[in-house]
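J.: Sharing a structure here in structure tokens format.
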Amino acid sequence: TQTSHGSVEYSKNEPPVAEFREIAQLFKSKNFNAALNSAHNLLKRFEKSGQLHSIVGACHAEMSDFENAINSYEVSLKLNPTDPTTYLNLGLALFALGNAPAAMENYLKTLELSPHDAEALCKLGIAQMRTGDVQGAIKSLQEAITSGDNSADALLNLGKAYKVNLQLEEAAKCYKKLIKIVPQNADIYNDLGTIYDQRGNRELAKSYYRQAFSFNPKSPYVLNNLGNCARADGEIALAKDYFRKSIAENSGYKDPHLNLGAIAFEEGKFEDSLKSYEKALEIDPNLVVALKNMGVLLKRLDKLDLAISYTKQALNINPNSPMLLTNLGSILSDLRQYQAAIQYYEKALALDANYSDALNNMGIACKALGKIDISLSFHARAVQN
């Protein structure tokens, strides 16, 4: 479809500009069904139109029908393999279905054809974050902003990447720029609060959480963070109130369940604590901290077989944890299986030779086996650490 000597000369594969423009206008006005019907009608005459297949894909994507969107984009790219926008849209649809690696491949194809495409760079950075490539994400998002993408999306995701990479000062700078773009967004203030929490400035963190709360008093994440602040300040009743409100807003958010479990444990309400950790594990069955705490609680309640089961589940996920290895050894000691317990303490000490709990427990197990001198040497090392 291109011009020749000032007059429009259409490719036999593409529809006239006026007819395509009508479909584009329907799409722009969010009348996606009408746009889709018009495009399908036009495809009867121009079945090899890459443009038409691409806009069909875009209509499907806008209606969250990503499978059909992907099919249409792939047909479009077979007909027109040099269209960067369709590669970008294909990447977006793949990402929406959770296929970040395939999405990245298409973002990179977009960038091969259009090296400074700011949106492609931004989306590539987001996909890299999803796959755990934090350094790559930072580089892509920085390039997106350099290429002209000063959107909230680019800054927000760059801030998150810096935060994950523990570049907290850089993360804070991104969020402060975001506030100028989106001045009343609770999530931005909440993230700023978590940054200052991590930096040990609880008072500043609380001020950001309170601002977040003023913009969205029902945010489960803000409520949970305010609960953490109240707990740290010794205001336990207030903390529990915040955690319960957080759960009321989003019962599938695991953190307030964990926090209520910890408070109940500290208060000696072990059955209540178990219930909170069980709820957390319903949300995430591989949550190591909940599995670990279940093991500790069940040991306290003398339900040793169950305690072993939960602790072993945690160890299957994190086999190199001196704490978990020591916890399992301690449960076996309670069952008077001292030799088996020692094997776990030895594994823990192989990972951390100065882990005091393992050293002390080794001393107890050796004493139970009548190895008094060895027991005393382990206790002495535990005291030194």
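Naming scheme: A, B, ... for chains in displayed order of the structure tokens; residues 1 onward per chain; ligands 1 onward as shown.
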Excluding segment 210-224 of chain A and its own-chain neighbours fewer than 6 positions away, which residues fall within 8 Å of it when counting only C-alpha atoms? Please give them as JSON, numbers by chain.

T.: {"A": [184, 185, 186, 187, 188, 189, 190, 242, 243, 245, 246, 247, 249, 250, 253, 255, 256]}

J.: Identify, on the basis of only C-alpha atoms, every residue whose closest approach to segment 344-357 of chain A does not exceed 9 Å; exclude the query and any residue fewer than 2 positions from it along the same chain; express the result as a PyMOL selection string.

T.: chain A and resi 320-330+340-342+359-362+379+381-385

J.: Output C-alpha atoms of each residue in that selection to a file, as a PDB file, in the first residue's frame.

T.:
ATOM      1  CA  ASN A 320      20.044 -25.561  52.657  1.00  0.00           C
ATOM      2  CA  SER A 321      18.471 -23.829  55.630  1.00  0.00           C
ATOM      3  CA  PRO A 322      20.467 -24.378  58.857  1.00  0.00           C
ATOM      4  CA  MET A 323      17.393 -23.287  60.825  1.00  0.00           C
ATOM      5  CA  LEU A 324      15.092 -25.866  59.227  1.00  0.00           C
ATOM      6  CA  LEU A 325      17.684 -28.641  59.565  1.00  0.00           C
ATOM      7  CA  THR A 326      18.128 -27.756  63.232  1.00  0.00           C
ATOM      8  CA  ASN A 327      14.368 -27.619  63.785  1.00  0.00           C
ATOM      9  CA  LEU A 328      13.969 -31.107  62.336  1.00  0.00           C
ATOM     10  CA  GLY A 329      16.808 -32.381  64.503  1.00  0.00           C
ATOM     11  CA  SER A 330      15.154 -30.855  67.573  1.00  0.00           C
ATOM     12  CA  ALA A 340      19.101 -39.162  63.565  1.00  0.00           C
ATOM     13  CA  ALA A 341      18.915 -35.702  65.154  1.00  0.00           C
ATOM     14  CA  ILE A 342      22.714 -35.414  65.143  1.00  0.00           C
ATOM     15  CA  LEU A 359      25.745 -26.255  68.315  1.00  0.00           C
ATOM     16  CA  ASN A 360      23.654 -26.169  71.487  1.00  0.00           C
ATOM     17  CA  ASN A 361      21.319 -28.920  70.288  1.00  0.00           C
ATOM     18  CA  MET A 362      24.301 -31.072  69.294  1.00  0.00           C
ATOM     19  CA  HIS A 379      28.030 -26.111  74.376  1.00  0.00           C
ATOM     20  CA  ARG A 381      31.204 -23.275  70.983  1.00  0.00           C
ATOM     21  CA  ALA A 382      27.538 -22.284  71.244  1.00  0.00           C
ATOM     22  CA  VAL A 383      28.352 -19.828  74.046  1.00  0.00           C
ATOM     23  CA  GLN A 384      31.144 -18.279  71.947  1.00  0.00           C
ATOM     24  CA  ASN A 385      28.640 -17.637  69.138  1.00  0.00           C
TER      25      ASN A 385
END

J.: Which is closest to Ile331 of chain A among A:Ala161, A:Ala237, A:Ala307, A:Leu315, if we use only C-alpha atoms?

T.: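 Using only C-alpha atoms, Ile331 of chain A sits closest to A:Ala307.
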
J.: Which is closest to Lys240 of chain A among A:Asn225, A:Ser38, A:Gln198, A:Ser147, if we use only C-alpha atoms?

T.: A:Asn225

J.: I'd like the contact shell of Ala103 of chain A - 8 Å cut-off, only C-alpha atoms, skipping same-chain residues fewer than 6 positions apart - returned as an MDAnalysis selection string.

T.: chainID A and resid 90:95 124 127

J.: As a ChimeraX atom specification, please: every residue in segment 16-64 of chain A that DSSP puts in alpha helix (DSSP H).

T.: /A:17-28,32-43,50-62
